[in-house]
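Everything on this sheet refers to the single structure shown next.
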Amino acid sequence: MADQLLTDITRFRRSPLARLHDRMTAASVTGARDVALREIPFLNMVGIRVRPGSAAAEALAAVAEVPLPAAHGAVTGDPDGVAVVWQGPDEFLLVSQDETVVPLELTETADREPGALISLSTHPLTTQLCRALAGHQESGQVVDLSANRTTLELSGHCARAVLEKGCHLDLHPRVFEVGTAVSTTLGPVQVILWRTAERTWRIMPRASFAEYVAHWLMDAMTEFASSEVP
Amino acid sequence: MADLLPEHPDFLWRNPDPKPSYDAVIIGGGGHGLATAYFLASRHGMTNIAVLERGWLAGGNMARNTAIIRSNYLWDESAAIYEHSLKLWEQLPEELEYDFLFSQRGVLNLAHTLGDVRESVRRVNANVLNGVDAEWVTPEQVKELCPIINIGDDIRYPVMGATYQARAGIAKHDHVAWAFARKCDELGVDIIQNCEVTGFLKDGNRVTGVETSRGTIHAGKVGLCGAGHSSVLAELAGFRLPIQSHPLQALVSELHEPVHPTVVMSNHVHVYVSQAHKGELVMGAGVDAYNGYGQRGAFHVIEEQMAAAVELFPIFTRAHVLRTWGGIVDVTLDASPVVSKSPVDQLYVNCGWGTGGFKGTPSAGYTFAHTIANDEAHPLNEPFSLERFETGVLIDEHGAAAVAH
Amino acid sequence: MLLIECPNCGPRDETEYHYGGEAHVPYPEDPSQLSDKEWAEYLFYRSNPKGLLAERWAHTTGCRRWFNVLRDTVTYEIKAVYAIGEPRPALQADPPQHPRGGTR
């Protein structure tokens, strides 16, 4: 037993909204006023603090193979690959795909010195980002924040109408273009709101608020299951 | 046309021009200012006094509060002054010969978490030790006292019990002001409206009078009862106060048959509600976050307290918000008032009652009058001096001050 | 509802922010050297003007950064937004005196 090391991280993972998947599917609406809700679980999320334009910033962008976004609302990269969301003048959230193969150094069972591991993250990209930052004098931060938030995806013709019930921002396409992401509130909950396609939105609340947001969205979607009242 | 109008009702007070000087001048014609003048005249024989009000009588916070009266505060010093106030409330309708509909219908302070329960039971015990009527009641007892309340388990913050003070209640705030004003006038006090203080006259460090929009008025003593405007006055007088002025909103519903028999307050879900004699539900919650003298706040504050209210009282979903308004509350960092001498000789300050000034009206007036007349605090207001901010002997009443802070 | 222009994120409703009270009150260089009165001044005394107030706000649901605002506490009108560390701006014109009298 002592020689066995568990490296299959999927065995005990549960996403914050696992309990509600069936209800979210059932709440989805088809037809002309369609709107659907699902969770995209286990996306990798990395909190990056670094001064834009610095050597450290360049190094991180190089590892990510995606430049850092330059301004509020900007997102670089690909939501289905590696993307980086602007959070603040020196703060970014890198979002990338789930990876269940654990970095080699975490699988080694030999004794190691305290601090020998650059990161305890189970995600290889995150570990590489840590290593890239560590190589610079510049202070900064690379933190695995994957468990901090989960990702809801709201799509369909009425997705925007649903969001507008609880979001104070102007979500009209001329203002909130595809590929825009901001930190704001949906109802009372802080979320990252990310328009990934014409009629597709990612909503990223903190994990402990996810159920509330899911219930809120399902409640807001109910209206569209009936035809519009003239 | 005038001959078609009915006879004008009796005026309750004169509207004299200010005299050139008085023995004492009270700045602020709200509940506290009028009560102070009343006690100066009736208890200390000081009748050559004036109350100066920049607007119309009791048009400030006295017109805008939710009229809750109780004395269930935590610390000994607070229990003493608020209970003294409650005992005065009980005798004032007779003393002032005015029925201002003081209704001792009780107050429930709800507990929604284990922390709430512990703090509440502690406060009940502290109250009992201080001679203040208080008891801890279970959710079932809460339901008996207030049948329309939801004590179910299926809400976000279920009711876990409450403190109950039976002698607490409400009164008609405008009538309280008029009751004091009428007695003041009878005793010879000049009530001067539309009279804004624009400066202070001093002889060295001693106040000798005020400059006003209606002329200069000399005064042997000056008492500040300006509530949310206390800092403005203090600055004119050359000193600072440890208060911040915030908007505090309140609202009423339309008139309903009596459905709500008591007063219910909830710190945790952040709302308090009573039903006035006329039938309107009277509700409020916390201050707007920022400093403000605008007597108005933002609607999300109202929405949030409505969400809390309809979950606690499902029947309220039938009611409507009829009118919202705001006052200017002067808040201290320990949520306790300042009834004190000031750095200026013969100038006294009564402020910092924050969101809970109405209930303190009688005792504020009584102790402030004593302080002014004797140039020394009454034992009841001695702990509430400005000095406590320097000595560190603060009186932290954030819990018992309930929602509003 | 105040509409506050965050220097990083643009205009947002006041519900996205947290109020931080008066700005430009520096933490004492050496608190241990202060008298009780001076320490009390720092802890408990702040300006409370009926008029322009320089205050701090944090965009807690957005970029989480703090910034300064110059706002009229009577009209709630925001006159200026500026960075932490910058001095309070002098306005181009004298702000109008608030009318006297009445409950304003």
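Every chain in the structure tokens has a letter given in the order shown (A, B, ...), and although residue numbers restart at 1 in each chain, ligands are simply numbered from 1 in the order shown.
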
Legend entry - A:Val101 environment, 9 Å, only C-alpha atoms, sequence neighbours closer than 6 positions dropped, as a ChimeraX atom specification: /A:7-9,122-124

Would you save the residues of that selection, restricted to C-alpha atoms, as a PDB file, in the first residue's frame?
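Below is the file part_20.pdb, written as the result:
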```
ATOM      1  CA  THR A   7      -1.958   9.834  -9.771  1.00  0.00           C
ATOM      2  CA  ASP A   8      -5.428   9.596 -11.226  1.00  0.00           C
ATOM      3  CA  ILE A   9      -6.753  12.934 -10.015  1.00  0.00           C
ATOM      4  CA  THR A 122      -1.308  19.264 -10.686  1.00  0.00           C
ATOM      5  CA  HIS A 123      -1.471  21.088 -13.987  1.00  0.00           C
ATOM      6  CA  PRO A 124       1.669  20.992 -16.157  1.00  0.00           C
TER       7      PRO A 124
END
```

Inset, instruction - Pull out every residue of chain B sitting within 12 Å of chain A, counting only C-alpha atoms, and send them as a list in words. - result: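 Therefore, the residues near the partner are Arg156, His300, Glu303 and Glu304 of chain B.
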
Taking only C-alpha atoms into account, produce a table as a Markdown table in which each residue of chain B with an atom at most 7 Å from an atom of chain C appears once, together with its shortest atom pair and the distance in Å to one decimal, ordered by chain and rising number.
```
| residue | atom | partner | partner_atom | distance |
| --- | --- | --- | --- | --- |
| B:Arg54 | CA | C:Gly101 | CA | 5.4 |
| B:Gly55 | CA | C:Gly102 | CA | 4.0 |
| B:Gly59 | CA | C:Thr103 | CA | 6.9 |
| B:Gly60 | CA | C:Thr103 | CA | 6.4 |
| B:Asn194 | CA | C:Gly101 | CA | 6.3 |
| B:Glu196 | CA | C:Gly101 | CA | 6.0 |
| B:Ser231 | CA | C:Asn48 | CA | 6.2 |
| B:Val232 | CA | C:Lys50 | CA | 6.8 |
| B:Leu241 | CA | C:Tyr45 | CA | 6.5 |
| B:Pro242 | CA | C:Tyr45 | CA | 4.5 |
| B:Gln244 | CA | C:Asn48 | CA | 5.5 |
| B:Ser245 | CA | C:Asn48 | CA | 6.6 |
| B:Ala289 | CA | C:Tyr19 | CA | 6.3 |
| B:Tyr290 | CA | C:Tyr19 | CA | 6.1 |
| B:Asn291 | CA | C:Thr73 | CA | 6.3 |
| B:Gly292 | CA | C:Thr73 | CA | 4.6 |
| B:Tyr293 | CA | C:Val74 | CA | 4.8 |
| B:Gly294 | CA | C:Val74 | CA | 4.6 |
| B:Ala298 | CA | C:Met1 | CA | 4.7 |
| B:Phe299 | CA | C:Met1 | CA | 6.8 |
| B:Leu333 | CA | C:Phe44 | CA | 6.9 |
| B:Phe389 | CA | C:Ala40 | CA | 5.9 |
| B:Glu390 | CA | C:Ala40 | CA | 5.1 |
```

Just the selected residues (N, CA, C and O atoms), exported as a PDB file, in the first residue's frame, please.
```
ATOM      1  N   ARG B  54     -33.347  75.653  11.581  1.00  0.00           N
ATOM      2  CA  ARG B  54     -33.067  76.257  10.268  1.00  0.00           C
ATOM      3  C   ARG B  54     -34.183  76.012   9.262  1.00  0.00           C
ATOM      4  O   ARG B  54     -34.340  76.777   8.326  1.00  0.00           O
ATOM      5  N   GLY B  55     -34.934  74.953   9.458  1.00  0.00           N
ATOM      6  CA  GLY B  55     -36.038  74.651   8.551  1.00  0.00           C
ATOM      7  C   GLY B  55     -37.353  74.857   9.263  1.00  0.00           C
ATOM      8  O   GLY B  55     -37.564  75.873   9.918  1.00  0.00           O
ATOM      9  N   GLY B  59     -38.508  69.056  11.210  1.00  0.00           N
ATOM     10  CA  GLY B  59     -38.527  68.634   9.811  1.00  0.00           C
ATOM     11  C   GLY B  59     -37.303  67.827   9.395  1.00  0.00           C
ATOM     12  O   GLY B  59     -37.193  67.400   8.248  1.00  0.00           O
ATOM     13  N   GLY B  60     -36.403  67.639  10.332  1.00  0.00           N
ATOM     14  CA  GLY B  60     -35.206  66.864  10.022  1.00  0.00           C
ATOM     15  C   GLY B  60     -35.431  65.408  10.346  1.00  0.00           C
ATOM     16  O   GLY B  60     -36.438  64.816   9.955  1.00  0.00           O
ATOM     17  N   ASN B 194     -36.972  78.734  10.570  1.00  0.00           N
ATOM     18  CA  ASN B 194     -36.320  79.418   9.432  1.00  0.00           C
ATOM     19  C   ASN B 194     -35.157  80.263   9.920  1.00  0.00           C
ATOM     20  O   ASN B 194     -34.961  81.396   9.469  1.00  0.00           O
ATOM     21  N   GLU B 196     -31.208  79.755  10.536  1.00  0.00           N
ATOM     22  CA  GLU B 196     -30.028  78.904  10.416  1.00  0.00           C
ATOM     23  C   GLU B 196     -28.822  79.563  11.059  1.00  0.00           C
ATOM     24  O   GLU B 196     -28.517  80.727  10.795  1.00  0.00           O
ATOM     25  N   SER B 231     -21.490  68.199  12.609  1.00  0.00           N
ATOM     26  CA  SER B 231     -20.122  68.531  12.188  1.00  0.00           C
ATOM     27  C   SER B 231     -20.048  69.914  11.570  1.00  0.00           C
ATOM     28  O   SER B 231     -19.054  70.626  11.741  1.00  0.00           O
ATOM     29  N   VAL B 232     -21.088  70.283  10.841  1.00  0.00           N
ATOM     30  CA  VAL B 232     -21.130  71.610  10.217  1.00  0.00           C
ATOM     31  C   VAL B 232     -21.094  72.675  11.308  1.00  0.00           C
ATOM     32  O   VAL B 232     -20.337  73.645  11.238  1.00  0.00           O
ATOM     33  N   LEU B 241     -15.797  66.760  15.496  1.00  0.00           N
ATOM     34  CA  LEU B 241     -16.544  65.703  16.182  1.00  0.00           C
ATOM     35  C   LEU B 241     -16.220  64.352  15.552  1.00  0.00           C
ATOM     36  O   LEU B 241     -15.989  64.262  14.347  1.00  0.00           O
ATOM     37  N   PRO B 242     -16.234  63.297  16.329  1.00  0.00           N
ATOM     38  CA  PRO B 242     -15.925  61.961  15.792  1.00  0.00           C
ATOM     39  C   PRO B 242     -17.154  61.307  15.183  1.00  0.00           C
ATOM     40  O   PRO B 242     -17.502  60.171  15.528  1.00  0.00           O
ATOM     41  N   GLN B 244     -19.660  60.691  11.463  1.00  0.00           N
ATOM     42  CA  GLN B 244     -19.779  60.736  10.017  1.00  0.00           C
ATOM     43  C   GLN B 244     -21.272  60.747   9.712  1.00  0.00           C
ATOM     44  O   GLN B 244     -22.035  60.009  10.332  1.00  0.00           O
ATOM     45  N   SER B 245     -21.656  61.582   8.769  1.00  0.00           N
ATOM     46  CA  SER B 245     -23.073  61.693   8.429  1.00  0.00           C
ATOM     47  C   SER B 245     -23.400  60.841   7.212  1.00  0.00           C
ATOM     48  O   SER B 245     -22.779  60.985   6.164  1.00  0.00           O
ATOM     49  N   ALA B 289     -23.874  53.474   2.291  1.00  0.00           N
ATOM     50  CA  ALA B 289     -22.479  53.330   2.712  1.00  0.00           C
ATOM     51  C   ALA B 289     -21.698  54.631   2.783  1.00  0.00           C
ATOM     52  O   ALA B 289     -20.827  54.779   3.640  1.00  0.00           O
ATOM     53  N   TYR B 290     -21.991  55.558   1.902  1.00  0.00           N
ATOM     54  CA  TYR B 290     -21.135  56.739   1.792  1.00  0.00           C
ATOM     55  C   TYR B 290     -21.677  57.880   2.642  1.00  0.00           C
ATOM     56  O   TYR B 290     -22.848  57.876   3.037  1.00  0.00           O
ATOM     57  N   ASN B 291     -20.825  58.864   2.894  1.00  0.00           N
ATOM     58  CA  ASN B 291     -21.243  60.075   3.609  1.00  0.00           C
ATOM     59  C   ASN B 291     -22.235  60.835   2.739  1.00  0.00           C
ATOM     60  O   ASN B 291     -22.037  60.975   1.532  1.00  0.00           O
ATOM     61  N   GLY B 292     -23.288  61.353   3.357  1.00  0.00           N
ATOM     62  CA  GLY B 292     -24.270  62.080   2.553  1.00  0.00           C
ATOM     63  C   GLY B 292     -25.190  62.962   3.370  1.00  0.00           C
ATOM     64  O   GLY B 292     -25.691  62.543   4.416  1.00  0.00           O
ATOM     65  N   TYR B 293     -25.407  64.166   2.872  1.00  0.00           N
ATOM     66  CA  TYR B 293     -26.329  65.120   3.484  1.00  0.00           C
ATOM     67  C   TYR B 293     -27.555  65.305   2.599  1.00  0.00           C
ATOM     68  O   TYR B 293     -28.307  66.259   2.760  1.00  0.00           O
ATOM     69  N   GLY B 294     -27.736  64.429   1.628  1.00  0.00           N
ATOM     70  CA  GLY B 294     -28.784  64.647   0.650  1.00  0.00           C
ATOM     71  C   GLY B 294     -30.165  64.215   1.068  1.00  0.00           C
ATOM     72  O   GLY B 294     -31.121  64.399   0.330  1.00  0.00           O
ATOM     73  N   ALA B 298     -29.872  55.232  -2.275  1.00  0.00           N
ATOM     74  CA  ALA B 298     -30.108  54.501  -3.517  1.00  0.00           C
ATOM     75  C   ALA B 298     -31.109  53.366  -3.318  1.00  0.00           C
ATOM     76  O   ALA B 298     -31.278  52.853  -2.216  1.00  0.00           O
ATOM     77  N   PHE B 299     -31.743  52.973  -4.411  1.00  0.00           N
ATOM     78  CA  PHE B 299     -32.860  52.042  -4.310  1.00  0.00           C
ATOM     79  C   PHE B 299     -32.446  50.614  -4.009  1.00  0.00           C
ATOM     80  O   PHE B 299     -33.252  49.844  -3.477  1.00  0.00           O
ATOM     81  N   LEU B 333     -18.152  55.751  15.861  1.00  0.00           N
ATOM     82  CA  LEU B 333     -17.530  54.454  15.616  1.00  0.00           C
ATOM     83  C   LEU B 333     -17.898  53.405  16.648  1.00  0.00           C
ATOM     84  O   LEU B 333     -17.688  52.212  16.411  1.00  0.00           O
ATOM     85  N   PHE B 389     -13.332  58.908  23.553  1.00  0.00           N
ATOM     86  CA  PHE B 389     -12.570  58.547  22.354  1.00  0.00           C
ATOM     87  C   PHE B 389     -11.079  58.663  22.602  1.00  0.00           C
ATOM     88  O   PHE B 389     -10.267  58.063  21.891  1.00  0.00           O
ATOM     89  N   GLU B 390     -10.721  59.424  23.609  1.00  0.00           N
ATOM     90  CA  GLU B 390      -9.321  59.562  23.972  1.00  0.00           C
ATOM     91  C   GLU B 390      -8.922  58.517  25.017  1.00  0.00           C
ATOM     92  O   GLU B 390      -7.836  57.939  24.958  1.00  0.00           O
TER      93      GLU B 390
END
```

Legend entry - Residue contacts of A:Cys130 (6 Å, only C-alpha atoms) excluding same-chain residues fewer than 3 positions away, as number ranges by chain: A: 127, 133, 142

Inset, instruction - Within 8 Å of stretch 202-206 of chain A, counting only C-alpha atoms, which residues show up once you throw out same-chain ones fewer than 5 positions away? Write them as a ChimeraX atom specification, please. - result: /A:148-154,189-196,213

Using only C-alpha atoms and a distance of at most 7 Å, pull out the residues of chain A that contact chain C, as a PDB file with C-alpha atoms, in the first residue's frame.
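Dumped to out-v8.pdb:
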```
ATOM      1  CA  HIS A  72     -10.183  46.108 -19.386  1.00  0.00           C
ATOM      2  CA  GLN A  87      -8.438  41.413 -14.386  1.00  0.00           C
ATOM      3  CA  GLY A  88      -6.537  44.575 -13.511  1.00  0.00           C
ATOM      4  CA  SER A 183     -15.545  41.144 -13.674  1.00  0.00           C
ATOM      5  CA  THR A 184     -18.936  42.295 -12.494  1.00  0.00           C
ATOM      6  CA  THR A 185     -22.000  41.053 -10.638  1.00  0.00           C
ATOM      7  CA  GLN A 190     -19.462  38.508  -8.247  1.00  0.00           C
TER       8      GLN A 190
END
```

Inset, instruction - Give me the residues within 12 Å of B:Gly199 as a PyMOL selection string, counting only C-alpha atoms and dropping any in the same chain fewer than 4 places off. - result: chain B and resi 27+195+207-218+232-238

May I have the residues from that selection written out with all heavy atoms, as a compact mmCIF listing (two decimals), in the first residue's frame?
```txt
# COMPACT_ATOMS: atom_id res chain seq x y z
N ILE B 27 -29.61 74.80 19.42
CA ILE B 27 -29.58 74.77 17.95
C ILE B 27 -30.11 73.42 17.49
O ILE B 27 -29.52 72.38 17.76
CB ILE B 27 -28.15 74.99 17.43
CG1 ILE B 27 -27.59 76.31 17.98
CG2 ILE B 27 -28.16 74.99 15.90
CD1 ILE B 27 -26.16 76.56 17.60
N CYS B 195 -34.41 79.70 10.86
CA CYS B 195 -33.32 80.43 11.49
C CYS B 195 -32.08 79.53 11.49
O CYS B 195 -31.96 78.65 12.34
CB CYS B 195 -33.73 80.82 12.91
SG CYS B 195 -32.48 81.78 13.77
N VAL B 207 -18.15 80.61 24.29
CA VAL B 207 -19.17 81.02 23.32
C VAL B 207 -20.05 82.09 23.96
O VAL B 207 -20.39 82.02 25.16
CB VAL B 207 -20.02 79.80 22.88
CG1 VAL B 207 -20.94 79.30 23.99
CG2 VAL B 207 -20.84 80.14 21.65
N THR B 208 -20.37 83.10 23.17
CA THR B 208 -21.19 84.18 23.70
C THR B 208 -22.45 84.42 22.85
O THR B 208 -23.26 85.30 23.17
CB THR B 208 -20.40 85.50 23.78
OG1 THR B 208 -19.93 85.83 22.47
CG2 THR B 208 -19.23 85.40 24.74
N GLY B 209 -22.58 83.67 21.79
CA GLY B 209 -23.78 83.84 20.97
C GLY B 209 -23.62 83.19 19.61
O GLY B 209 -22.63 82.50 19.36
N VAL B 210 -24.64 83.42 18.78
CA VAL B 210 -24.61 82.86 17.42
C VAL B 210 -24.99 83.90 16.39
O VAL B 210 -25.75 84.83 16.67
CB VAL B 210 -25.58 81.66 17.30
CG1 VAL B 210 -25.08 80.45 18.06
CG2 VAL B 210 -26.99 82.02 17.74
N GLU B 211 -24.43 83.74 15.22
CA GLU B 211 -24.87 84.50 14.05
C GLU B 211 -25.89 83.62 13.35
O GLU B 211 -25.67 82.42 13.19
CB GLU B 211 -23.69 84.74 13.08
CG GLU B 211 -22.55 85.55 13.65
CD GLU B 211 -22.90 87.02 13.76
OE1 GLU B 211 -24.04 87.42 13.45
OE2 GLU B 211 -22.01 87.78 14.19
N THR B 212 -27.00 84.21 12.94
CA THR B 212 -27.99 83.40 12.25
C THR B 212 -28.52 84.13 11.03
O THR B 212 -28.26 85.33 10.85
CB THR B 212 -29.20 83.07 13.16
OG1 THR B 212 -30.08 84.21 13.22
CG2 THR B 212 -28.77 82.68 14.56
N SER B 213 -29.31 83.41 10.24
CA SER B 213 -29.93 84.01 9.06
C SER B 213 -31.00 85.02 9.47
O SER B 213 -31.53 85.73 8.62
CB SER B 213 -30.53 82.92 8.19
OG SER B 213 -31.42 82.11 8.93
N ARG B 214 -31.30 85.05 10.76
CA ARG B 214 -32.26 86.03 11.24
C ARG B 214 -31.62 86.98 12.25
O ARG B 214 -32.28 87.55 13.11
CB ARG B 214 -33.47 85.33 11.87
CG ARG B 214 -34.29 84.56 10.83
CD ARG B 214 -35.49 83.88 11.44
NE ARG B 214 -36.49 84.83 11.90
CZ ARG B 214 -37.71 84.50 12.30
NH1 ARG B 214 -38.07 83.23 12.30
NH2 ARG B 214 -38.56 85.41 12.73
N GLY B 215 -30.32 87.12 12.11
CA GLY B 215 -29.63 88.11 12.94
C GLY B 215 -28.76 87.48 14.02
O GLY B 215 -28.69 86.28 14.18
N THR B 216 -28.10 88.39 14.75
CA THR B 216 -27.20 87.95 15.82
C THR B 216 -28.01 87.71 17.10
O THR B 216 -28.89 88.50 17.44
CB THR B 216 -26.16 89.06 16.10
OG1 THR B 216 -25.47 89.35 14.88
CG2 THR B 216 -25.16 88.61 17.17
N ILE B 217 -27.71 86.61 17.77
CA ILE B 217 -28.38 86.29 19.04
C ILE B 217 -27.32 85.99 20.07
O ILE B 217 -26.53 85.06 19.90
CB ILE B 217 -29.32 85.08 18.88
CG1 ILE B 217 -30.37 85.33 17.79
CG2 ILE B 217 -30.00 84.76 20.22
CD1 ILE B 217 -31.19 84.10 17.43
N HIS B 218 -27.28 86.77 21.13
CA HIS B 218 -26.34 86.51 22.21
C HIS B 218 -26.89 85.45 23.12
O HIS B 218 -28.10 85.36 23.33
CB HIS B 218 -26.04 87.80 22.97
CG HIS B 218 -25.35 88.83 22.12
ND1 HIS B 218 -23.99 88.82 21.89
CD2 HIS B 218 -25.86 89.87 21.39
CE1 HIS B 218 -23.67 89.82 21.08
NE2 HIS B 218 -24.80 90.47 20.77
N VAL B 232 -21.09 70.28 10.84
CA VAL B 232 -21.13 71.61 10.22
C VAL B 232 -21.09 72.67 11.31
O VAL B 232 -20.34 73.64 11.24
CB VAL B 232 -22.40 71.76 9.35
CG1 VAL B 232 -22.51 73.16 8.79
CG2 VAL B 232 -22.42 70.73 8.24
N LEU B 233 -21.91 72.45 12.33
CA LEU B 233 -21.95 73.41 13.45
C LEU B 233 -20.63 73.42 14.20
O LEU B 233 -20.10 74.48 14.53
CB LEU B 233 -23.10 73.04 14.39
CG LEU B 233 -24.51 73.26 13.82
CD1 LEU B 233 -25.55 72.57 14.71
CD2 LEU B 233 -24.82 74.74 13.69
N ALA B 234 -20.11 72.25 14.50
CA ALA B 234 -18.86 72.17 15.25
C ALA B 234 -17.74 72.89 14.52
O ALA B 234 -16.93 73.60 15.12
CB ALA B 234 -18.48 70.71 15.50
N GLU B 235 -17.70 72.71 13.21
CA GLU B 235 -16.65 73.37 12.43
C GLU B 235 -16.77 74.88 12.53
O GLU B 235 -15.77 75.58 12.66
CB GLU B 235 -16.72 72.92 10.97
CG GLU B 235 -15.43 73.17 10.23
CD GLU B 235 -15.53 72.76 8.77
OE1 GLU B 235 -15.89 71.59 8.52
OE2 GLU B 235 -15.24 73.61 7.90
N LEU B 236 -18.01 75.38 12.50
CA LEU B 236 -18.22 76.82 12.67
C LEU B 236 -17.75 77.28 14.04
O LEU B 236 -17.31 78.42 14.21
CB LEU B 236 -19.71 77.16 12.50
CG LEU B 236 -20.30 77.05 11.09
CD1 LEU B 236 -21.82 77.25 11.15
CD2 LEU B 236 -19.68 78.07 10.15
N ALA B 237 -17.85 76.37 15.02
CA ALA B 237 -17.45 76.73 16.38
C ALA B 237 -15.97 76.46 16.64
O ALA B 237 -15.47 76.77 17.71
CB ALA B 237 -18.30 75.98 17.39
N GLY B 238 -15.31 75.85 15.66
CA GLY B 238 -13.87 75.68 15.78
C GLY B 238 -13.39 74.36 16.36
O GLY B 238 -12.26 74.25 16.82
```

Legend entry - Contacts of B:Ala373 at 12 Å (only C-alpha atoms; same-chain gap of 3+ positions) as a VMD selection string: chain B and resid 23 to 25 36 to 37 39 to 47 49 220 to 223 341 346 to 348 365 to 370 376 to 378

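Distances from B:Ile149, B:Leu255, B:Ile302, B:Ala364 to B:Gly352 were compared using only C-alpha atoms, and the smallest one belongs to B:Ala364.
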
Inset, instruction - List the neighbours of A:Thr222 out to 12 Å using only C-alpha atoms; skip same-chain residues closer than 2 positions along the sequence, and give me the result as a PyMOL selection string. - result: chain A and resi 24+26-30+33-37+158-159+161-162+215-220+224-228

Inset, instruction - Please give the complete set of residues from chain C that DSSP, run on the backbone, assigns to strand (DSSP E or B), formatted as a VMD selection string. - result: chain C and resid 3 to 6 10 to 13 18 to 22 52 to 58 66 to 72 78 to 82

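Each of B:Val339, B:Met306, B:Val329, B:Leu96 was compared to B:Arg182 using only C-alpha atoms, and B:Leu96 turns out to be the nearest.
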
Legend entry - Filtered DSSP result for stretch 212-388 of chain B, state alpha helix (DSSP H), as an MDAnalysis selection string: chainID B and resid 230:237 299:312 361:374 388

Inset, instruction - Select, from A:Ser119, A:Ser208, A:Thr200, A:Thr107, the residue with the minimum atom-to-atom distance to A:Gln141, counting only C-alpha atoms. - result: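 Ranked by minimum distance to A:Gln141, first place goes to A:Ser119.
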
Inset, instruction - Take atom CA of B:Thr262 and atom CA of B:Leu322 and report the distance between them in Å, one decimal. - result: 20.8 Å

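One distance worth recording is that between atom CA of A:Leu17 and atom CA of B:Leu312, which is 28.4 Å.
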